[in-house]
Structure formats: C-alpha cells, structure tokens
file work.cif (mmCIF, C-alpha atoms and all ligand atoms)
data_model
loop_
_atom_site.label_atom_id
_atom_site.label_comp_id
_atom_site.auth_asym_id
_atom_site.auth_seq_id
_atom_site.Cartn_x
_atom_site.Cartn_y
_atom_site.Cartn_z
CA MET A 1 14.79 -12.59 0.77
CA ALA A 2 13.61 -10.76 -2.31
CA ILE A 3 14.64 -7.19 -1.52
CA ARG A 4 16.26 -5.62 -4.56
CA PHE A 5 16.72 -2.27 -6.22
CA TYR A 6 17.35 -0.87 -9.68
CA ALA A 7 20.58 1.12 -9.83
CA ALA A 8 20.36 3.49 -12.80
CA CYS A 9 23.38 5.16 -14.40
CA LEU A 10 22.78 8.90 -14.02
CA ALA A 11 24.98 9.92 -16.96
CA SER A 12 22.89 7.66 -19.20
CA TYR A 13 19.67 8.92 -17.69
CA ASN A 14 20.70 12.51 -18.31
CA ASN A 15 21.31 11.58 -21.96
CA GLY A 16 17.89 10.01 -22.31
CA VAL A 17 19.18 6.43 -22.24
CA LEU A 18 18.01 3.77 -19.81
CA HIS A 19 21.02 1.93 -18.43
CA GLY A 20 21.14 0.18 -15.10
CA ALA A 21 20.92 -3.11 -13.26
CA TRP A 22 18.76 -4.83 -10.68
CA ILE A 23 20.88 -5.47 -7.59
CA ASP A 24 19.93 -7.88 -4.83
CA ALA A 25 20.00 -6.10 -1.49
CA GLU A 26 22.34 -7.69 1.04
CA SER A 27 24.12 -6.79 4.23
CA ASP A 28 27.50 -6.57 2.47
CA VAL A 29 28.00 -3.02 1.12
CA ASP A 30 31.13 -3.94 -0.88
CA ALA A 31 29.35 -6.77 -2.69
CA MET A 32 26.55 -4.40 -3.77
CA GLN A 33 29.07 -1.68 -4.71
CA GLU A 34 30.93 -4.12 -6.97
CA GLN A 35 27.73 -4.87 -8.89
CA VAL A 36 26.88 -1.17 -9.18
CA ASN A 37 30.42 -0.39 -10.38
CA ALA A 38 30.22 -3.15 -13.00
CA MET A 39 27.02 -1.54 -14.30
CA LEU A 40 28.64 1.93 -14.33
CA ARG A 41 31.65 0.64 -16.32
CA LYS A 42 29.25 -0.55 -19.04
CA SER A 43 27.76 2.91 -19.42
CA ARG A 44 27.81 4.50 -22.87
CA PHE A 45 28.38 7.84 -21.16
CA PRO A 46 31.55 7.47 -19.07
CA ASN A 47 32.74 10.58 -17.26
CA VAL A 48 35.61 9.20 -15.15
CA THR A 49 38.28 6.51 -15.39
CA VAL A 50 38.64 3.82 -12.76
CA ASP A 51 41.08 0.98 -12.06
CA CYS A 52 40.57 -2.04 -14.30
CA VAL A 53 39.14 -4.80 -12.12
CA ASP A 54 40.19 -7.59 -14.45
CA CYS A 55 43.92 -7.01 -14.01
CA GLY A 56 43.82 -5.23 -10.66
CA GLY A 57 45.12 -2.07 -12.34
CA ASP A 58 48.55 -3.38 -13.44
CA GLY A 59 47.61 -3.98 -17.07
CA VAL A 60 48.56 -7.66 -16.89
CA GLU A 61 46.21 -10.63 -16.61
CA PRO A 62 46.12 -12.02 -13.08
CA ALA A 63 48.44 -15.01 -12.66
CA PRO A 64 49.46 -14.70 -16.35
CA ALA A 65 50.19 -17.75 -18.43
CA LEU A 66 52.80 -16.78 -21.02
CA ASP A 67 51.54 -16.80 -24.59
CA ALA A 68 53.07 -18.77 -27.50
CA GLN A 69 55.80 -16.13 -27.97
CA GLY A 70 56.70 -16.29 -24.28
CA ARG A 71 55.19 -12.87 -23.57
CA VAL A 72 53.06 -11.88 -20.63
CA PRO A 73 49.53 -11.44 -22.06
CA VAL A 74 48.15 -7.94 -21.89
CA CYS A 75 44.85 -7.46 -20.05
CA GLU A 76 42.05 -7.80 -22.61
CA THR A 77 39.75 -5.46 -20.77
CA CYS A 78 41.98 -2.39 -20.51
CA LYS A 79 44.53 -3.33 -23.24
CA GLY A 80 47.28 -2.68 -20.72
CA ALA A 81 46.10 0.80 -19.84
CA CYS A 82 45.25 -0.25 -16.25
CA LYS A 83 42.32 2.15 -16.32
CA VAL A 84 38.89 1.84 -17.89
CA PRO A 85 36.19 4.42 -18.54
CA SER A 86 33.19 4.43 -16.23
CA ALA A 87 30.19 6.50 -15.38
CA GLU A 88 30.41 7.90 -11.87
CA GLU A 89 26.97 8.26 -10.33
CA PHE A 90 23.88 6.14 -9.90
CA ALA A 91 20.42 6.62 -8.50
CA ILE A 92 17.86 4.12 -7.27
CA HIS A 93 15.05 4.35 -9.81
CA ASP A 94 13.02 1.37 -8.63
CA SER A 95 12.99 -1.10 -5.78
CA GLU A 96 11.17 -4.08 -4.37
CA GLY A 97 10.83 -4.56 -0.63
CA LEU A 98 12.56 -1.34 0.42
CA PRO A 99 10.70 1.24 2.52
CA ARG A 100 9.31 4.02 0.36
CA SER A 101 11.12 6.61 2.48
CA PHE A 102 14.49 5.44 1.13
CA GLY A 103 14.31 7.47 -2.09
CA GLU A 104 16.79 7.68 -4.95
CA PHE A 105 19.96 8.49 -3.05
CA CYS A 106 19.70 6.60 0.23
CA GLY A 107 23.09 4.97 -0.28
CA LEU A 108 24.18 1.36 -0.10
CA GLN A 109 24.96 1.48 3.63
CA ALA A 110 21.34 2.31 4.44
CA ILE A 111 20.22 -0.65 2.32
CA ALA A 112 22.69 -2.98 4.06
CA ASP A 113 21.50 -1.74 7.47
CA TYR A 114 17.90 -2.35 6.44
CA VAL A 115 18.64 -5.93 5.32
CA GLU A 116 20.20 -6.56 8.75
CA PHE A 117 17.17 -5.05 10.44
CA VAL A 118 14.84 -7.41 8.53
CA GLU A 119 16.94 -10.33 9.78
CA GLU A 120 16.62 -9.02 13.34
CA VAL A 121 12.85 -8.73 12.87
CA GLU A 122 12.77 -12.36 11.73
CA GLU A 123 14.66 -13.48 14.83
CA ALA A 124 12.74 -11.36 17.30
CA THR A 125 9.23 -12.01 15.99
CA GLY A 126 9.36 -15.47 14.42
CA ARG A 127 7.92 -14.09 11.19
CA ASP A 128 9.97 -14.84 8.12
CA GLY A 129 10.35 -13.96 4.48
CA GLU A 130 7.85 -11.44 3.16
CA GLU A 131 5.98 -11.38 6.48
CA ALA A 132 9.11 -10.15 8.24
CA GLU A 133 9.76 -7.62 5.46
CA GLU A 134 6.25 -6.23 5.73
CA LEU A 135 6.60 -5.84 9.50
CA ALA A 136 10.03 -4.22 9.13
CA ARG A 137 8.64 -1.71 6.62
CA ALA A 138 5.68 -0.91 8.87
CA MET A 139 8.03 -0.40 11.83
CA LEU A 140 10.27 1.93 9.83
CA ASP A 141 7.27 3.90 8.55
CA ASN A 142 6.14 4.35 12.15
CA TRP A 143 9.46 4.96 13.95
CA HIS A 144 11.29 6.50 10.96
CA ASP A 145 14.83 5.29 11.56
CA ILE A 146 16.34 1.86 12.01
CA ASP A 147 17.82 2.49 15.46
CA SER A 148 14.45 3.59 16.87
CA ALA A 149 12.62 0.73 15.18
CA ARG A 150 15.22 -1.76 16.40
CA SER A 151 14.75 -0.71 20.03
CA GLU A 152 10.99 -1.34 19.67
CA LEU A 153 11.59 -5.02 18.95
CA ASP A 154 11.89 -5.53 22.72
CA ASN A 155 8.30 -4.27 23.04
CA PHE A 156 6.81 -6.59 20.43
CA CYS A 157 3.78 -8.50 21.78
CA GLY A 158 2.69 -10.38 18.68
CA VAL A 159 0.56 -10.18 15.54
CA TYR A 160 -3.19 -10.46 16.11
CA ASP A 161 -6.20 -10.44 13.81
CA SER A 162 -7.19 -7.12 15.36
CA PHE A 163 -6.19 -4.95 18.28
CA ARG A 164 -9.44 -5.98 19.94
CA GLU A 165 -8.38 -9.63 19.83
CA TYR A 166 -5.16 -8.72 21.64
CA ALA A 167 -7.05 -6.62 24.19
CA ASP A 168 -9.60 -9.38 24.85
CA GLU A 169 -6.84 -11.93 25.45
CA SER A 170 -5.11 -9.48 27.74
CA ALA A 171 -8.37 -8.86 29.62
CA ASP A 172 -8.93 -12.59 30.10
CA GLU A 173 -5.45 -12.89 31.57
CA VAL A 174 -6.11 -10.01 33.96
CA ILE A 175 -9.41 -11.56 35.07
CA ALA A 176 -7.80 -14.97 35.47
CA CYS A 177 -5.22 -13.45 37.80
CA HIS A 178 -8.07 -12.76 40.22
CA SER A 179 -9.22 -16.32 40.53
CA ALA A 180 -7.74 -19.16 42.57
CA ASP A 181 -7.52 -21.72 39.77
CA GLY A 182 -6.09 -19.32 37.15
CA LYS A 183 -9.21 -19.47 34.97
CA ALA A 184 -11.45 -16.48 34.37
CA PRO A 185 -14.71 -16.95 36.31
CA GLN A 186 -17.76 -16.71 34.03
CA PHE A 187 -19.55 -14.09 36.14
CA LEU A 188 -16.58 -11.72 35.81
CA ILE A 189 -16.38 -12.34 32.06
CA ASN A 190 -20.11 -11.56 31.80
CA TYR A 191 -19.80 -8.19 33.50
CA PHE A 192 -16.33 -7.14 32.40
CA ASP A 193 -16.33 -4.17 30.01
CA TYR A 194 -14.05 -5.53 27.27
CA GLU A 195 -14.71 -2.59 24.98
CA SER A 196 -13.70 0.01 27.50
CA TYR A 197 -10.68 -2.05 28.52
CA ALA A 198 -9.58 -2.26 24.86
CA ARG A 199 -10.04 1.50 24.44
CA ASP A 200 -7.87 2.31 27.45
CA LEU A 201 -5.26 -0.25 26.43
CA SER A 202 -5.02 1.25 22.95
CA HIS A 203 -3.60 4.43 24.49
CA GLU A 204 -0.74 2.46 26.02
CA MET A 205 0.11 0.37 22.97
CA THR A 206 1.18 0.82 19.37
CA ALA A 207 -0.67 -1.19 16.72
CA LEU A 208 0.71 -1.33 13.17
CA ASP A 209 -1.53 -2.52 10.34
CA LEU A 210 -0.31 -5.52 8.36
CA SER A 211 -1.96 -7.51 5.58
CA ASP A 212 -2.61 -10.38 8.01
CA GLY A 213 -3.62 -8.38 11.09
CA VAL A 214 -2.01 -5.89 13.43
CA ALA A 215 1.41 -5.99 15.07
CA VAL A 216 1.08 -4.93 18.72
CA PHE A 217 3.85 -3.24 20.72
CA HIS A 218 4.07 -1.97 24.29
CA GLN A 219 4.90 1.72 24.44
ZN ZN A 301 43.05 -4.48 -17.08
#
call {"tool": "encode", "arguments": {"input": "work.cif", "output": "structure tokens", "more": "lines below"}}
Ligand SMILES: [Zn+2]
result
Amino acid sequence: MAIRFYAACLASYNNGVLHGAWIDAESDVDAMQEQVNAMLRKSRFPNVTVDCVDCGGDGVEPAPALDAQGRVPVCETCKGACKVPSAEEFAIHDSEGLPRSFGEFCGLQAIADYVEFVEEVEEATGRDGEEAEELARAMLDNWHDIDSARSELDNFCGVYDSFREYADESADEVIACHSADGKAPQFLINYFDYESYARDLSHEMTALDLSDGVAVFHQ
C-alpha cells in the first residue's frame, strides 16, 4: 500500500524553513507517532524538551557496557541530561492516497482508521492495491465518514463499466426469473424497455465513478 503523508514541522515552517518527513501511513498510530517525533526532534526550532528516546530518559545507554575506565557510558544523544530539545507541532503538508477531505490537522488516528478501512474495502470487494484505495476514497467522498462508508460495504454490488451495464445485467436476471429454464426468452428481451428500467433502478442505487468504471451499491 502506498499511502503516505508529509509531516511538516510547524516551528520550522513558521520560520520559513522546510523541515519534515514522509511517513508511510499504517494502522499503528504509535509507529507513525514515533516517526513524527523523530522528525520533530531534528527541528532547528525546538520549543519544548522531551524524554531522550536513546536512553529511555535515564541518561545512561541502554544495557550499558562499561567503558575502559569501568564507568557507565553516558548517553551520547542527551549527554546524560535525559531530555532533548524538540519541536512540538506538525501539520500534514502533502499526502499520497489520502482523501482530500483529511486536511492538515486530521490527526494520526484518522489516518490509521483510514488504512484499516482500505483493508476492509480490499476484503469486501476483492479489489486490491490502488484499486481498493481509489474505491475507498470515492466512498469516503460520498458518505463523508468512515463509519458510514464502512456500513455501505454490505451494499456493494460490484464494479461495472457503466451503470447501464449493471442495469442491463439486472434486467436480464429479472426476465430470466420469468421463464421455466432460467434463460431470458428472446421475445421478452426484444420488447423489454432496458433504458427505462435502468433509469428507475438508478434512483434506488448509488453509483460512484472510478477510473475503471462505476462502483454500484444498493441504497
Ligand atoms: Zn539519552
């Protein structure tokens, strides 16, 4: 999955300096937060102090090997201070694969939830990779929040070249139901008003445009 975002240090940004990092989106908030924090600690414009991650905040290297003089080595990162300077805030200044509605301050939890939703879309629809991401984005654009979009997965009918293709298939099934051998009789096909059927059906369905067709959902 290639969903990622650019976390920009706001203190740097406010000082006219570009500082940030591309972070791969994943379902684990803590893993993303760690990468963002590492970026913020490298900021040239720190405005807070945070625990040193390299020594866990105790100023001593983890599992220290004693040096030649038999002393416990001091943490190189914080020089024994246990704290390091860091910038505090970030904003999302660019992204790939995230819905446009997410904006600069959507938060890491929303990104993690979205990654999970894409996985659910893959499972429920059989589309994968970028095809699943495109469908997930279209669903979120249409139903606005993940919980609403998620509940629509139960109503997914499939992806068709056009809504008309879906409607025609549906019409053939309806006609076939009225024949003994389960096949649509030709005389009914000849006189059936496919266009009108498709028009009526479109009021009962949701069709979302994709690059390879339309995703059709029951309402
Ligand atoms: Zn340290």
call {"tool": "closest_atom_pairs", "arguments": {"input": "work.cif", "of": "chain A", "to": "ligand ZN 301 (chain A)", "cutoff": "12 Å", "atoms": "only C-alpha atoms and all ligand atoms", "output": "CSV"}}
result
residue,atom,partner,partner_atom,distance
A:Val50,CA,A:ZN301,ZN,10.3
A:Asp51,CA,A:ZN301,ZN,7.7
A:Cys52,CA,A:ZN301,ZN,4.5
A:Val53,CA,A:ZN301,ZN,6.3
A:Asp54,CA,A:ZN301,ZN,5.0
A:Cys55,CA,A:ZN301,ZN,4.1
A:Gly56,CA,A:ZN301,ZN,6.5
A:Gly57,CA,A:ZN301,ZN,5.7
A:Asp58,CA,A:ZN301,ZN,6.7
A:Gly59,CA,A:ZN301,ZN,4.6
A:Val60,CA,A:ZN301,ZN,6.4
A:Glu61,CA,A:ZN301,ZN,6.9
A:Pro62,CA,A:ZN301,ZN,9.1
A:Pro73,CA,A:ZN301,ZN,10.7
A:Val74,CA,A:ZN301,ZN,7.8
A:Cys75,CA,A:ZN301,ZN,4.6
A:Glu76,CA,A:ZN301,ZN,6.5
A:Thr77,CA,A:ZN301,ZN,5.0
A:Cys78,CA,A:ZN301,ZN,4.2
A:Lys79,CA,A:ZN301,ZN,6.4
A:Gly80,CA,A:ZN301,ZN,5.9
A:Ala81,CA,A:ZN301,ZN,6.7
A:Cys82,CA,A:ZN301,ZN,4.8
A:Lys83,CA,A:ZN301,ZN,6.7
A:Val84,CA,A:ZN301,ZN,7.6
A:Pro85,CA,A:ZN301,ZN,11.3
call {"tool": "atom_distance", "arguments": {"input": "work.cif", "atom1": "atom CA of A:Tyr114", "atom2": "atom CA of A:Ser43"}}
result
28.2 Å
call {"tool": "closest_residue", "arguments": {"input": "work.cif", "among": "A:Asn14, A:Asn37, A:Asn190, A:Ser162", "to": "A:Leu210", "atoms": "only C-alpha atoms"}}
result
A:Ser162
call {"tool": "residues_around", "arguments": {"input": "work.cif", "residues": "A:Asp30", "least_positions_apart": "4", "cutoff": "9 Å", "atoms": "only C-alpha atoms", "output": "compact mmCIF listing (two decimals) with C-alpha atoms, keeping the file's coordinate frame"}}
result
# COMPACT_ATOMS: atom_id res chain seq x y z
CA GLU A 34 30.93 -4.12 -6.97
CA GLN A 35 27.73 -4.87 -8.89
CA LEU A 108 24.18 1.36 -0.10
call {"tool": "axis_aligned_box", "arguments": {"input": "work.cif", "around": "stretch 134-143 of chain A", "padding_each_side": "8 Å", "output": "AutoDock Vina command-line options"}}
result
--center_x 8.0 --center_y -0.6 --center_z 9.8 --size_x 20.6 --size_y 27.2 --size_z 24.2
call {"tool": "residues_near_point", "arguments": {"input": "work.cif", "point": "(-12.3, -8.5, 27.3)", "cutoff": "9 Å", "atoms": "all atoms listed in the file", "output": "list in words"}}
result
Arg164, Glu165, Ala167, Asp168, Glu169, Ser170, Ala171, Asp172, Ile175, Ile189, Phe192, Asp193, Tyr194, Glu195, Ser196, Tyr197 and Ala198 of chain A
call {"tool": "closest_atom_pairs", "arguments": {"input": "work.cif", "of": "stretch 88-161 of chain A", "to": "stretch 20-27 of chain A", "cutoff": "9 Å", "atoms": "only C-alpha atoms", "output": "tab-separated table"}}
result
residue	atom	partner	partner_atom	distance
A:Phe90	CA	A:Gly20	CA	8.4
A:Asp94	CA	A:Trp22	CA	8.7
A:Ser95	CA	A:Trp22	CA	8.4
A:Leu108	CA	A:Ala25	CA	8.7
A:Gln109	CA	A:Ser27	CA	8.3
A:Ile111	CA	A:Ala25	CA	6.7
A:Ala112	CA	A:Ser27	CA	4.1
A:Asp113	CA	A:Ser27	CA	6.5
A:Tyr114	CA	A:Ser27	CA	8.0
A:Val115	CA	A:Ser27	CA	5.7
A:Glu116	CA	A:Ser27	CA	6.0
call {"tool": "build_atoms", "arguments": {"input": "work.cif", "residues": "stretch 79-90 of chain A", "atoms": "all heavy atoms", "output": "compact mmCIF listing (two decimals), in the frame of the given file"}}
result
# COMPACT_ATOMS: atom_id res chain seq x y z
N LYS A 79 43.46 -3.34 -22.24
CA LYS A 79 44.53 -3.33 -23.24
C LYS A 79 45.82 -2.79 -22.63
O LYS A 79 46.59 -2.09 -23.29
CB LYS A 79 44.15 -2.48 -24.46
CG LYS A 79 42.77 -2.81 -25.04
CD LYS A 79 42.79 -4.11 -25.80
CE LYS A 79 41.45 -4.41 -26.45
NZ LYS A 79 40.78 -5.58 -25.90
N GLY A 80 46.04 -3.08 -21.37
CA GLY A 80 47.28 -2.68 -20.72
C GLY A 80 47.28 -1.27 -20.17
O GLY A 80 48.26 -0.82 -19.60
N ALA A 81 46.16 -0.59 -20.30
CA ALA A 81 46.10 0.80 -19.84
C ALA A 81 45.89 0.90 -18.33
O ALA A 81 46.10 1.96 -17.74
CB ALA A 81 44.98 1.56 -20.56
N CYS A 82 45.49 -0.18 -17.70
CA CYS A 82 45.25 -0.25 -16.25
C CYS A 82 43.98 0.51 -15.82
O CYS A 82 43.51 0.34 -14.70
CB CYS A 82 46.41 0.29 -15.43
SG CYS A 82 47.97 -0.44 -15.86
N LYS A 83 43.51 1.37 -16.66
CA LYS A 83 42.32 2.15 -16.32
C LYS A 83 41.24 1.89 -17.37
O LYS A 83 41.57 1.61 -18.52
CB LYS A 83 42.65 3.66 -16.32
CG LYS A 83 43.64 4.07 -15.25
CD LYS A 83 42.93 4.33 -13.96
CE LYS A 83 43.89 4.87 -12.89
NZ LYS A 83 43.22 5.05 -11.60
N VAL A 84 40.01 1.97 -16.94
CA VAL A 84 38.89 1.84 -17.89
C VAL A 84 37.92 2.98 -17.66
O VAL A 84 37.82 3.51 -16.54
CB VAL A 84 38.15 0.49 -17.72
CG1 VAL A 84 39.02 -0.67 -18.18
CG2 VAL A 84 37.69 0.30 -16.30
N PRO A 85 37.19 3.37 -18.72
CA PRO A 85 36.19 4.42 -18.54
C PRO A 85 34.99 3.91 -17.74
O PRO A 85 34.69 2.72 -17.76
CB PRO A 85 35.79 4.78 -19.97
CG PRO A 85 36.16 3.59 -20.78
CD PRO A 85 37.30 2.91 -20.10
N SER A 86 34.37 4.80 -17.03
CA SER A 86 33.19 4.43 -16.23
C SER A 86 32.33 5.67 -16.00
O SER A 86 32.83 6.79 -15.97
CB SER A 86 33.64 3.87 -14.88
OG SER A 86 32.52 3.62 -14.05
N ALA A 87 31.04 5.43 -15.89
CA ALA A 87 30.19 6.50 -15.38
C ALA A 87 30.38 6.56 -13.87
O ALA A 87 30.87 5.61 -13.25
CB ALA A 87 28.74 6.25 -15.73
N GLU A 88 30.06 7.69 -13.27
CA GLU A 88 30.41 7.90 -11.87
C GLU A 88 29.24 7.71 -10.92
O GLU A 88 29.40 7.16 -9.83
CB GLU A 88 30.98 9.31 -11.73
CG GLU A 88 31.63 9.56 -10.37
CD GLU A 88 32.30 10.92 -10.32
OE1 GLU A 88 31.91 11.80 -11.12
OE2 GLU A 88 33.19 11.10 -9.49
N GLU A 89 28.06 8.17 -11.31
CA GLU A 89 26.97 8.26 -10.33
C GLU A 89 25.79 7.39 -10.70
O GLU A 89 25.50 7.17 -11.88
CB GLU A 89 26.51 9.71 -10.21
CG GLU A 89 27.55 10.61 -9.60
CD GLU A 89 27.11 12.06 -9.62
OE1 GLU A 89 26.75 12.57 -10.70
OE2 GLU A 89 27.11 12.67 -8.55
N PHE A 90 25.10 6.92 -9.67
CA PHE A 90 23.88 6.14 -9.90
C PHE A 90 22.79 6.66 -8.98
O PHE A 90 23.04 7.34 -7.98
CB PHE A 90 24.12 4.65 -9.67
CG PHE A 90 24.23 4.26 -8.21
CD1 PHE A 90 23.12 3.73 -7.55
CD2 PHE A 90 25.41 4.43 -7.51
CE1 PHE A 90 23.21 3.37 -6.21
CE2 PHE A 90 25.51 4.09 -6.17
CZ PHE A 90 24.40 3.55 -5.51
